[in-house]
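> Mind having a look at this structure? Questions to follow.
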Amino acid sequence: MQYDVIIIGGGITGCAAAYEFSKYEFKTALLEKENDIACGSTKANSAIIHAGYDPEPGTLMAKYNARGNELAHRLARKLDIPFRETGSLVLAFSEEEVREVHKLYENGVANGVPVEIISGEEVLRREPNISDRVRCALWAPTGAVISPWEFAAALIETAVMNGVDCYLSSGVKRISKQDGMFEITAGGEKYRAKYIVNAAGLFADKVYEMAGGTGMAITPVRGEYFLFDKTMGGIVSTVVFQCPTKLGKGVVVAPTIHGNLYAGPDSKTAAARDDTSTHADELSYIREMAVKSVPTIDFSQNIRNFAGLRAVAGNDFIVEESNVRNFINAAGIKSPGLSSAPAIAEDLVRILENCGLTLRRKVEFRGERRVLRMNEMSLEAQDALIKENPAYGRVVCRCQTITEGEIIDILKRPVAPRSIDGIKRRCAAGMGRCQGGFCEPRIHDIMARTLGVPMKEIMQDTAGSYIVTGETKED
Amino acid sequence: MPDKPYGQHGVSQGIRKERTMERNYDVAVIGAGPAGLAAALEARKNGAERIVVLERDFEAGGILNQCIHNGFGLHYFKEELTGPEYAERFISELRGTDIELKLNTMVLSISREKHIVAVNPQEGVLEIDAGAVVLAMGCRERPRGSLGIPGTRPAGIFTAGTAQRYVNMEGCMVGKKVLILGSGDIGLIMARRMVLEGAQVVACVELMPYSAGLRRNIVQCLDDFDIPLYLSSTITEIRGRRRVESVVISRVDKDRKPIPGTEKEIECDTVLLSVGLIPENELSKNAGVEMDMRTKGPIVYENMETSVPGIFACGNVAQVHDLVDFVTMESIRAGKAAAEYAAHGETEMPYFELYASRGLNYILPQRARMDNVGQFLEVFFRVNDIYKDISIVVKSNGGEIARFKRDYAVPGEMEKIRIPKKLLTGNEIEVSLKGGEQA
């Protein structure tokens with residue numbers, strides 16, 4: 001199969017690139033090694049669209065974050081992505097931190113981000129559950145929370161609707177170059193392309209090496225989290241940061257888009273690129289830090305712990321044509337990668353043009369997408385819809401009120417998931433307080449029925465994460 | 001629209017403009033498990049005419065449907081039934097009445113005024129105004145997240161009830177080499193089930209120095225199959241990237257903290273969690289009923305009425321039971337009282353409170369009205385440890401009014417005492433344990 005551009009990696013960077021490229025006439029494909037998009041860093045992170053005051057002015061991170069925040073606001077509306085502009089606070093508890101907040105303010109101004117310093121009293125007026133030891137805070141009104149999985153899904157679905165080919169379970173094994181064309185072996189198939197965009201996240205250095213590149217090293221940096229029941233969801237209504245340290249932006253306490261609360265992450269170099277395990281000592285550190293910001297978090301309301309990995313390749317992102325001609329890296333996309341992805345994607349188009357790719361806008365580009373979500377509709381609208389299709393009246397996930405109809409819709413979308421967690425990431429079924437205890441066997445059954453496959457072929461998550469070994473009374 | 005929070009019920013946004021406040025049912029029962037079925041039938045026997053039972057699953061019977069083992073009904077029917085058989089007795093009785101059973105019906109909200117909004121595939125959005133409401137939603141299992149077990153998050157970790165559903169209802173095998181965390185009854189039952197289905201059960205690991213399950217289940221499900229039970233132990237790490245590969249267990253000290261150096265790795269592909277049940281009270285809270293932090297259910301009066309007049313609660317929504325027979329008996333009281341309320345409405349009566357004191361984890365009912373107490377006031381509770389030769393002391397206004405002897409009391413088995421009405425003073429009651437030894 002022959003393309004103009006092949007994107008390697010279906011995380012937020014790859015999906016945003018696919019979306020942006022689908023506005024143009026050139027032919028694009030995306031290769032993802034896992035059985036679904038958003039299975040690496042995009043799967044587990046802070047789910048924040050950062051305002052952009054944090055990165056050092058002049059860095060790529062500064063440039064992309066501010067622009068990406070603006071684009072994410074627009075994309076959320078156009079593509080119906082769960083998104084809420086909560087604003088964010090950075091709290092100062094000491095004289096030193098007051099100075100740090102002022103420094104962040106200057107940074108924000110330099111990066112063109114709306115920021116303001118507010119007094120401790122004002123912080124407490126807005127967020128009464130924050131520790132009364134707070135002296136002042138940086139307020140950034142454009143900070144937002146998002147569903148990172150639906151962000152990625154919306155982008156790739158729109159890309160596919162506009163002609164991009166997306167290949168899942170297609171891990172790249174080999175890259176060679178002949179007559180100015182790359183030949184890529186992935187998932188048992190061969191693909192040819194003039195340009196490669198390397199968005200392989202935690203494995204970007206390995207992919208780069210396959211193409212003959214040198215000098216890139218990705219370090220996986222792990223962050224662990226607590227996720228709390230919705231009863232804790234209202235304890236803060238904005239994203240609450242502490243002053244950044246050498247290790248990162250510090251422990252965050254924030255509402256999620258689904259109405260829960262989380263606390264995390266820490267920052268530890270992981271032993272391996274897939275080591276998303278959690279650890280008692282790291283979680284207790286997060287706990288200690290989180291109650292500094294919000295002392296009344298009730299940890300008995302913890303419904304899940306998880307960890308995510310950031311792909312770190314130095315102090316800044318790498319977004320450029322590499323030393324291998326026509327091979328473009330979008331690598332080392334650590335935080336604020338989720339926020340920056342749409343802006344990185346715009347820049348990748350520019351870089352491709354500089355490499356000689358001819359750009360012609362598609363006339364018939366479809367840049368709108370709508371998702372049916374029963375729990376957001378009025379009772380009258382729900383009633384009308386159920387009369388049309390009774391499956392929208394059968395609630396499968398009780399904690400989040402997700403219906404069978406919505407799950408079947410997901411299975412019929414372009415780039416449909418083939419795992420229980422893939423469903424969860426797209427509609428939050430199983431994400432609630434029972435953590436899938438009731439709905440998992442039911443979703444499993446709906447998937448097997450709708451897709452026409454045996455139960456044992458439906459995975460929990462990525463390949464190998466089987467749920468059932470087969471039928472009972474089998475050998 | 002994308003700008004507003006996602007995942008919240010549409011309920012608050014769309015209460016219909018012209019709402020009929022006219023009562024369309026005398027009694028509405030939420031849940032058609034053993035509690036709801038018994039309550040609905042009893043309401044019928046006590047004169048309630050228009051009764052509706054709202055069940056979110058596609059069939060009535062609740063969790064009994066997946067409990068294919070026997071041991072049900074020994075107290076209530078004086079015979080030994082399987083779960084589905086026990087449920088069927090009530091379901092067939094219900095079929096012989098004009099009680100309306102609405103299946104696949106999810107209740108979205110209940111108000112203090114007993115206005116219910118629900119949704120189902122057949123009718124769309126339903127609104128019900130009931131004279132009395134019985135909350136009988138049961139409970140859910142504590143998931144892994146609430147335990148904070150460190151390690152990876154592979155497939156192969158199930159709550160025992162979820163695994164039971166896969167094996168008994170879907171006919172699917174969930175694994176070949178199983179470790180069970182927690183010795184609650186469902187975990188013990190599943191230990192036996194997995195062995196009978198051909199799996200190997202490598203261990204049952206319990207945090208406490210005693211089992212949380214019924215004694216008969218320890219014997220019949222673990223001992224009879226030579227499954228080792230590790231007491232005062234817990235899982236301190238789960239390993240395996242995609243599917244469970246092993247777990248690390250450690251012994252715990254008397255504060256239930258893992259003791260470093262006692263780690264032991266056990267190979268398995270499946271972990272079943274039987275670490276507690278949580279009454280499912282989101283709807284109760286939505287209706288504004290007062291909750292008891294200890295039962296995690298509504299505060300109830302002697303007839304299972306909650307703090308909201310006309311809203312009753314029974315079964316596992318009020319307190320987690322060990323035996324379905326006692327769920328039935330409790331629900332009969334709730335159903336009767338609901339029918340009476342629907343007929344006569346609210347009557348103001350003085351009440352006194354009941355307190356769980358030394359040695360008790362909780363007490364139910366938490367309130368009682370002298371005028372409603374029959375010959376006896378039945379009081380339920382669980383003890384907080386294993387005790388031998390213990391006295392249960394009932395005090396009122398500081399003075400002892402009754403004392404009950406027990407040879408043995410364990411947290412895994414609910415205790416019941418019957419206090420004769422003639423001993424009650426109309427003032428608060430305190431129940432505590434005295435003497436005996438902590439075994």
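Chain labels run A, B, ... following the order of the structure tokens; each chain numbers its residues from 1, and ligands are numbered from 1 in the order shown.
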Can you tell me, as a VMD selection string, what residues are no more than 7 Å from A:Ala307 when counting only C-alpha atoms, ignoring any on the same chain fewer than 5 positions away?

chain A and resid 44 222 to 225 276 to 278

> Counting only C-alpha atoms, which residues of stretch 401-426 of chain B sit at most 9 Å from some atom of stretch 382-391 of chain B, and what is each one's closest atom pair with its distance in Å to one decimal, listed by chain and rising residue number, as a Markdown table?


```
| residue | atom | partner | partner_atom | distance |
| --- | --- | --- | --- | --- |
| B:Arg403 | CA | B:Ser391 | CA | 6.4 |
| B:Phe404 | CA | B:Ser391 | CA | 5.5 |
| B:Lys405 | CA | B:Ser391 | CA | 4.7 |
| B:Arg406 | CA | B:Ile390 | CA | 5.3 |
| B:Asp407 | CA | B:Asp389 | CA | 4.3 |
| B:Tyr408 | CA | B:Lys388 | CA | 4.5 |
| B:Ala409 | CA | B:Tyr387 | CA | 5.1 |
| B:Val410 | CA | B:Ile386 | CA | 4.5 |
| B:Pro411 | CA | B:Val383 | CA | 5.0 |
| B:Gly412 | CA | B:Arg382 | CA | 7.7 |
| B:Glu413 | CA | B:Arg382 | CA | 6.9 |
| B:Met414 | CA | B:Arg382 | CA | 5.1 |
| B:Glu415 | CA | B:Arg382 | CA | 5.8 |
| B:Lys416 | CA | B:Arg382 | CA | 8.7 |
```

> Only C-alpha atoms, please: the residues just picked out, written as a PDB file, in the first residue's frame.


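Heads up, here's the output in selection_33.pdb:
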```pdb
ATOM      1  CA  ARG B 403     -29.037  -9.581  78.816  1.00  0.00           C
ATOM      2  CA  PHE B 404     -28.511 -12.325  76.214  1.00  0.00           C
ATOM      3  CA  LYS B 405     -25.870 -15.098  76.307  1.00  0.00           C
ATOM      4  CA  ARG B 406     -23.901 -16.321  73.319  1.00  0.00           C
ATOM      5  CA  ASP B 407     -21.318 -19.129  73.329  1.00  0.00           C
ATOM      6  CA  TYR B 408     -19.741 -17.719  70.243  1.00  0.00           C
ATOM      7  CA  ALA B 409     -20.065 -14.542  68.144  1.00  0.00           C
ATOM      8  CA  VAL B 410     -18.191 -13.743  64.923  1.00  0.00           C
ATOM      9  CA  PRO B 411     -18.237 -10.722  62.602  1.00  0.00           C
ATOM     10  CA  GLY B 412     -19.162 -12.953  59.655  1.00  0.00           C
ATOM     11  CA  GLU B 413     -22.534 -13.861  61.139  1.00  0.00           C
ATOM     12  CA  MET B 414     -25.241 -11.323  61.836  1.00  0.00           C
ATOM     13  CA  GLU B 415     -26.645 -11.426  65.372  1.00  0.00           C
ATOM     14  CA  LYS B 416     -30.259 -10.887  66.301  1.00  0.00           C
TER      15      LYS B 416
END
```

> Residues near B:Asn168, anyone? I mean within 9 Å using only C-alpha atoms, not counting same-chain ones fewer than 2 positions away, as a VMD selection string.

(chain A and resid 472) or (chain B and resid 65 to 68 163 to 166 170 to 172 193)

> Generate a file of the selected residues that holds C-alpha atoms, formatted as an mmCIF file, in the first residue's frame.


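Wrote it out as result.cif, contents follow:
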```
data_model
loop_
_atom_site.group_PDB
_atom_site.id
_atom_site.type_symbol
_atom_site.label_atom_id
_atom_site.label_comp_id
_atom_site.auth_asym_id
_atom_site.auth_seq_id
_atom_site.Cartn_x
_atom_site.Cartn_y
_atom_site.Cartn_z
ATOM 1 C CA THR A 472 -16.975 -23.845 31.009
ATOM 2 C CA ASN B 65 -29.977 -16.067 39.783
ATOM 3 C CA GLN B 66 -26.227 -16.586 39.696
ATOM 4 C CA CYS B 67 -26.086 -18.361 43.078
ATOM 5 C CA ILE B 68 -26.603 -21.859 41.697
ATOM 6 C CA ALA B 163 -16.606 -14.040 38.099
ATOM 7 C CA GLN B 164 -19.667 -15.900 39.366
ATOM 8 C CA ARG B 165 -21.766 -14.251 36.701
ATOM 9 C CA TYR B 166 -19.267 -15.163 33.966
ATOM 10 C CA GLU B 170 -22.454 -16.694 30.679
ATOM 11 C CA GLY B 171 -20.853 -20.147 30.762
ATOM 12 C CA CYS B 172 -17.365 -18.663 30.494
ATOM 13 C CA ARG B 193 -17.115 -23.404 41.961
#
```

> Taking the backbone alone, and naming residues the way the document does, which bits of stretch 99-301 of chain A are strand (DSSP E or B) by DSSP, as a ChimeraX atom specification?

/A:116-119,136-140,144-146,165-167,172-178,181-186,189-198,219-228,239-242,245,248,252-255,261-264,268-269,278

> Separation of atom CA of A:Asp132 and atom CA of A:Pro114, in Å?

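Rounded to one decimal, the two atoms are 25.3 Å apart.
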
> Which is closer to chain A than all the others in B:Arg251, B:Lys177, B:His321, B:His115, using only C-alpha atoms?

B:Lys177

> Report as an mmCIF file with N, CA and C atoms, in the first residue's frame all protein, DNA and RNA residues lying within 9 Å of A:Thr13, evaluated on only C-alpha atoms, omitting residues in the same chain fewer than 3 positions from it.


```
data_model
loop_
_atom_site.group_PDB
_atom_site.id
_atom_site.type_symbol
_atom_site.label_atom_id
_atom_site.label_comp_id
_atom_site.auth_asym_id
_atom_site.auth_seq_id
_atom_site.Cartn_x
_atom_site.Cartn_y
_atom_site.Cartn_z
ATOM 1 N N GLY A 9 2.302 5.646 15.091
ATOM 2 C CA GLY A 9 1.869 5.910 16.463
ATOM 3 C C GLY A 9 0.494 6.551 16.521
ATOM 4 N N GLY A 10 -0.410 5.898 17.244
ATOM 5 C CA GLY A 10 -1.788 6.380 17.359
ATOM 6 C C GLY A 10 -2.103 6.942 18.727
ATOM 7 N N ALA A 16 -3.769 13.590 16.225
ATOM 8 C CA ALA A 16 -3.919 15.006 15.860
ATOM 9 C C ALA A 16 -3.292 15.255 14.497
ATOM 10 N N ALA A 17 -2.150 14.613 14.248
ATOM 11 C CA ALA A 17 -1.503 14.753 12.939
ATOM 12 C C ALA A 17 -2.420 14.196 11.846
ATOM 13 N N ALA A 18 -2.987 13.022 12.081
ATOM 14 C CA ALA A 18 -3.879 12.410 11.088
ATOM 15 C C ALA A 18 -5.053 13.334 10.785
ATOM 16 N N THR A 42 -1.136 8.557 26.163
ATOM 17 C CA THR A 42 -2.447 9.193 26.056
ATOM 18 C C THR A 42 -3.483 8.502 26.940
ATOM 19 N N ALA A 152 -8.497 11.834 21.423
ATOM 20 C CA ALA A 152 -7.789 11.059 20.395
ATOM 21 C C ALA A 152 -8.784 10.381 19.450
ATOM 22 N N ALA A 199 5.557 9.459 15.485
ATOM 23 C CA ALA A 199 4.821 9.884 16.691
ATOM 24 C C ALA A 199 4.694 8.674 17.599
ATOM 25 N N ALA A 200 5.779 7.928 17.708
ATOM 26 C CA ALA A 200 5.720 6.627 18.383
ATOM 27 C C ALA A 200 5.896 6.726 19.892
ATOM 28 N N GLY A 201 5.814 7.920 20.432
ATOM 29 C CA GLY A 201 5.751 8.099 21.888
ATOM 30 C C GLY A 201 6.909 7.474 22.623
ATOM 31 N N ALA A 330 8.253 13.643 15.751
ATOM 32 C CA ALA A 330 7.412 14.384 16.702
ATOM 33 C C ALA A 330 7.559 13.569 17.977
ATOM 34 N N ALA A 331 8.673 13.798 18.664
ATOM 35 C CA ALA A 331 9.089 12.865 19.716
ATOM 36 C C ALA A 331 9.373 13.599 21.017
ATOM 37 N N ILE A 333 7.354 13.889 23.397
ATOM 38 C CA ILE A 333 6.166 14.708 23.676
ATOM 39 C C ILE A 333 5.653 14.358 25.075
ATOM 40 N N GLY A 337 2.015 17.612 26.364
ATOM 41 C CA GLY A 337 1.790 17.029 25.051
ATOM 42 C C GLY A 337 0.343 16.987 24.629
ATOM 43 N N LEU A 338 -0.535 16.634 25.589
ATOM 44 C CA LEU A 338 -1.965 16.539 25.267
ATOM 45 C C LEU A 338 -2.476 17.907 24.792
ATOM 46 N N SER A 340 -0.635 20.306 23.570
ATOM 47 C CA SER A 340 0.115 20.824 22.417
ATOM 48 C C SER A 340 -0.216 20.124 21.122
ATOM 49 N N ALA A 341 -0.764 18.892 21.210
ATOM 50 C CA ALA A 341 -0.891 18.039 20.026
ATOM 51 C C ALA A 341 -1.507 18.744 18.805
ATOM 52 N N PRO A 342 -2.621 19.493 18.960
ATOM 53 C CA PRO A 342 -3.196 20.114 17.755
ATOM 54 C C PRO A 342 -2.251 21.132 17.113
ATOM 55 N N ILE A 344 1.130 21.017 17.363
ATOM 56 C CA ILE A 344 2.216 20.237 16.762
ATOM 57 C C ILE A 344 1.774 19.765 15.381
ATOM 58 N N ALA A 345 0.525 19.320 15.302
ATOM 59 C CA ALA A 345 -0.005 18.807 14.030
ATOM 60 C C ALA A 345 0.033 19.883 12.951
#
```

> As a list in words, please: the residues near A:Gln242 (cut-off 8 Å, only C-alpha atoms, same-chain neighbours under 2 positions excluded).

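The neighbour list is Val90, Leu91, Ala92, Val240, Pro244, Lys249, Gly250, Val251, Val252 and Ser293 of chain A.
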
> I'd like to know which residues of stretch 108-316 of chain B are helix (DSSP H, G or I) (by DSSP, run on the backbone); could you write them as a PyMOL selection string?

chain B and resi 144-146+160-169+185-196+215-225+282-286+315-316

> Got time to write the residues from that selection, C-alpha atoms, as a CSV table (one decimal), in the first residue's frame?


```csv
chain,number,residue,atom,x,y,z
B,144,ARG,CA,-9.8,-3.4,43.6
B,145,GLY,CA,-9.4,0.3,43.5
B,146,SER,CA,-10.8,0.7,47.0
B,160,ALA,CA,-16.0,-12.7,43.0
B,161,GLY,CA,-19.6,-11.9,42.0
B,162,THR,CA,-18.5,-10.8,38.5
B,163,ALA,CA,-16.6,-14.0,38.1
B,164,GLN,CA,-19.7,-15.9,39.4
B,165,ARG,CA,-21.8,-14.3,36.7
B,166,TYR,CA,-19.3,-15.2,34.0
B,167,VAL,CA,-19.1,-18.8,35.1
B,168,ASN,CA,-22.7,-19.5,36.1
B,169,MET,CA,-24.6,-17.3,33.7
B,185,ASP,CA,-19.1,-15.8,51.3
B,186,ILE,CA,-19.1,-15.2,47.6
B,187,GLY,CA,-15.3,-15.7,47.5
B,188,LEU,CA,-15.6,-19.0,49.4
B,189,ILE,CA,-18.5,-20.2,47.1
B,190,MET,CA,-16.4,-19.2,44.1
B,191,ALA,CA,-13.4,-21.1,45.4
B,192,ARG,CA,-15.5,-24.3,45.3
B,193,ARG,CA,-17.1,-23.4,42.0
B,194,MET,CA,-13.8,-22.8,40.2
B,195,VAL,CA,-12.4,-26.2,41.5
B,196,LEU,CA,-15.6,-27.9,40.3
B,215,ARG,CA,-18.4,-21.2,59.1
B,216,ARG,CA,-20.2,-23.7,57.0
B,217,ASN,CA,-18.7,-22.1,53.8
B,218,ILE,CA,-15.2,-22.3,55.2
B,219,VAL,CA,-15.7,-26.1,55.8
B,220,GLN,CA,-17.6,-26.9,52.6
B,221,CYS,CA,-15.7,-24.7,50.2
B,222,LEU,CA,-12.1,-24.5,51.4
B,223,ASP,CA,-11.5,-27.4,53.8
B,224,ASP,CA,-13.2,-30.0,51.7
B,225,PHE,CA,-11.1,-29.1,48.7
B,282,GLU,CA,-27.0,6.4,45.4
B,283,LEU,CA,-30.8,6.6,44.9
B,284,SER,CA,-31.4,6.7,48.6
B,285,LYS,CA,-29.1,9.7,49.0
B,286,ASN,CA,-30.8,11.2,46.0
B,315,GLY,CA,-32.4,-6.2,52.3
B,316,ASN,CA,-28.7,-5.4,51.5
```

> Would you kindly return, as JSON, numbers by chain, each protein, DNA or RNA residue with an atom no farther than 12 Å from any atom of B:Tyr362, considering only C-alpha atoms and excluding same-chain residues fewer than 6 positions away?

{"B": [292, 293, 294, 295, 296, 297, 299, 318, 319, 320, 354, 355, 356, 379, 380, 381, 382, 383, 384, 411, 414, 415, 416, 430, 431, 432]}

> Write to file, as a PDB file, in the first residue's frame, the residues of the selection just made, with N, CA and C atoms.


```
ATOM      1  N   ASP B 292     -26.559   5.991  57.638  1.00  0.00           N
ATOM      2  CA  ASP B 292     -25.766   5.544  58.786  1.00  0.00           C
ATOM      3  C   ASP B 292     -24.372   5.199  58.270  1.00  0.00           C
ATOM      4  N   MET B 293     -23.363   5.881  58.780  1.00  0.00           N
ATOM      5  CA  MET B 293     -21.989   5.655  58.324  1.00  0.00           C
ATOM      6  C   MET B 293     -21.535   4.213  58.563  1.00  0.00           C
ATOM      7  N   ARG B 294     -22.146   3.553  59.551  1.00  0.00           N
ATOM      8  CA  ARG B 294     -21.657   2.226  59.926  1.00  0.00           C
ATOM      9  C   ARG B 294     -22.289   1.133  59.064  1.00  0.00           C
ATOM     10  N   THR B 295     -23.602   1.177  58.859  1.00  0.00           N
ATOM     11  CA  THR B 295     -24.216   0.181  57.965  1.00  0.00           C
ATOM     12  C   THR B 295     -23.996   0.551  56.507  1.00  0.00           C
ATOM     13  N   LYS B 296     -23.678   1.820  56.236  1.00  0.00           N
ATOM     14  CA  LYS B 296     -23.626   2.391  54.887  1.00  0.00           C
ATOM     15  C   LYS B 296     -24.998   2.304  54.200  1.00  0.00           C
ATOM     16  N   GLY B 297     -26.019   2.155  55.009  1.00  0.00           N
ATOM     17  CA  GLY B 297     -27.391   2.137  54.503  1.00  0.00           C
ATOM     18  C   GLY B 297     -28.161   3.253  55.176  1.00  0.00           C
ATOM     19  N   ILE B 299     -30.632   5.156  57.728  1.00  0.00           N
ATOM     20  CA  ILE B 299     -31.088   4.988  59.108  1.00  0.00           C
ATOM     21  C   ILE B 299     -32.542   4.554  59.016  1.00  0.00           C
ATOM     22  N   ALA B 318     -30.036  -1.879  53.206  1.00  0.00           N
ATOM     23  CA  ALA B 318     -30.102  -1.375  54.580  1.00  0.00           C
ATOM     24  C   ALA B 318     -28.957  -1.911  55.433  1.00  0.00           C
ATOM     25  N   GLN B 319     -28.648  -3.188  55.281  1.00  0.00           N
ATOM     26  CA  GLN B 319     -27.500  -3.788  55.956  1.00  0.00           C
ATOM     27  C   GLN B 319     -27.125  -5.016  55.135  1.00  0.00           C
ATOM     28  N   VAL B 320     -25.840  -5.309  55.067  1.00  0.00           N
ATOM     29  CA  VAL B 320     -25.405  -6.461  54.282  1.00  0.00           C
ATOM     30  C   VAL B 320     -25.708  -7.726  55.083  1.00  0.00           C
ATOM     31  N   LEU B 354     -31.388   3.767  69.028  1.00  0.00           N
ATOM     32  CA  LEU B 354     -30.621   2.600  69.467  1.00  0.00           C
ATOM     33  C   LEU B 354     -29.167   2.827  69.097  1.00  0.00           C
ATOM     34  N   TYR B 355     -28.269   2.526  70.019  1.00  0.00           N
ATOM     35  CA  TYR B 355     -26.842   2.743  69.786  1.00  0.00           C
ATOM     36  C   TYR B 355     -26.068   1.446  69.869  1.00  0.00           C
ATOM     37  N   ALA B 356     -25.107   1.302  68.951  1.00  0.00           N
ATOM     38  CA  ALA B 356     -24.158   0.187  69.029  1.00  0.00           C
ATOM     39  C   ALA B 356     -23.014   0.643  69.908  1.00  0.00           C
ATOM     40  N   VAL B 379     -33.685  -6.661  67.096  1.00  0.00           N
ATOM     41  CA  VAL B 379     -32.521  -5.808  66.878  1.00  0.00           C
ATOM     42  C   VAL B 379     -31.408  -6.648  66.244  1.00  0.00           C
ATOM     43  N   PHE B 380     -30.810  -6.107  65.180  1.00  0.00           N
ATOM     44  CA  PHE B 380     -29.759  -6.813  64.435  1.00  0.00           C
ATOM     45  C   PHE B 380     -28.441  -6.063  64.575  1.00  0.00           C
ATOM     46  N   PHE B 381     -27.356  -6.817  64.601  1.00  0.00           N
ATOM     47  CA  PHE B 381     -26.038  -6.167  64.657  1.00  0.00           C
ATOM     48  C   PHE B 381     -24.968  -7.174  64.285  1.00  0.00           C
ATOM     49  N   ARG B 382     -23.745  -6.655  64.126  1.00  0.00           N
ATOM     50  CA  ARG B 382     -22.586  -7.525  63.960  1.00  0.00           C
ATOM     51  C   ARG B 382     -21.564  -7.168  65.023  1.00  0.00           C
ATOM     52  N   VAL B 383     -20.869  -8.195  65.521  1.00  0.00           N
ATOM     53  CA  VAL B 383     -19.801  -7.947  66.487  1.00  0.00           C
ATOM     54  C   VAL B 383     -18.527  -7.608  65.722  1.00  0.00           C
ATOM     55  N   ASN B 384     -17.567  -6.984  66.402  1.00  0.00           N
ATOM     56  CA  ASN B 384     -16.380  -6.484  65.711  1.00  0.00           C
ATOM     57  C   ASN B 384     -15.182  -7.422  65.810  1.00  0.00           C
ATOM     58  N   PRO B 411     -17.801 -11.818  63.472  1.00  0.00           N
ATOM     59  CA  PRO B 411     -18.237 -10.722  62.602  1.00  0.00           C
ATOM     60  C   PRO B 411     -18.934 -11.217  61.333  1.00  0.00           C
ATOM     61  N   MET B 414     -24.409 -12.360  61.254  1.00  0.00           N
ATOM     62  CA  MET B 414     -25.241 -11.323  61.836  1.00  0.00           C
ATOM     63  C   MET B 414     -25.940 -11.853  63.092  1.00  0.00           C
ATOM     64  N   GLU B 415     -25.976 -11.039  64.122  1.00  0.00           N
ATOM     65  CA  GLU B 415     -26.645 -11.426  65.372  1.00  0.00           C
ATOM     66  C   GLU B 415     -28.022 -10.779  65.434  1.00  0.00           C
ATOM     67  N   LYS B 416     -28.925 -11.452  66.115  1.00  0.00           N
ATOM     68  CA  LYS B 416     -30.259 -10.887  66.301  1.00  0.00           C
ATOM     69  C   LYS B 416     -30.669 -11.095  67.757  1.00  0.00           C
ATOM     70  N   GLU B 430     -28.998   1.161  74.430  1.00  0.00           N
ATOM     71  CA  GLU B 430     -27.589   0.972  74.103  1.00  0.00           C
ATOM     72  C   GLU B 430     -27.297  -0.518  74.193  1.00  0.00           C
ATOM     73  N   VAL B 431     -26.690  -1.076  73.144  1.00  0.00           N
ATOM     74  CA  VAL B 431     -26.360  -2.502  73.157  1.00  0.00           C
ATOM     75  C   VAL B 431     -24.847  -2.651  73.147  1.00  0.00           C
ATOM     76  N   SER B 432     -24.316  -3.475  74.053  1.00  0.00           N
ATOM     77  CA  SER B 432     -22.864  -3.682  74.099  1.00  0.00           C
ATOM     78  C   SER B 432     -22.561  -5.129  74.462  1.00  0.00           C
TER      79      SER B 432
END
```

> Residues near stretch 156-168 of chain A, anyone? I mean within 7 Å using only C-alpha atoms, not counting same-chain ones fewer than 6 positions away, as a PyMOL selection string.

chain A and resi 15+18-19+22+27-36+365-367+414-415
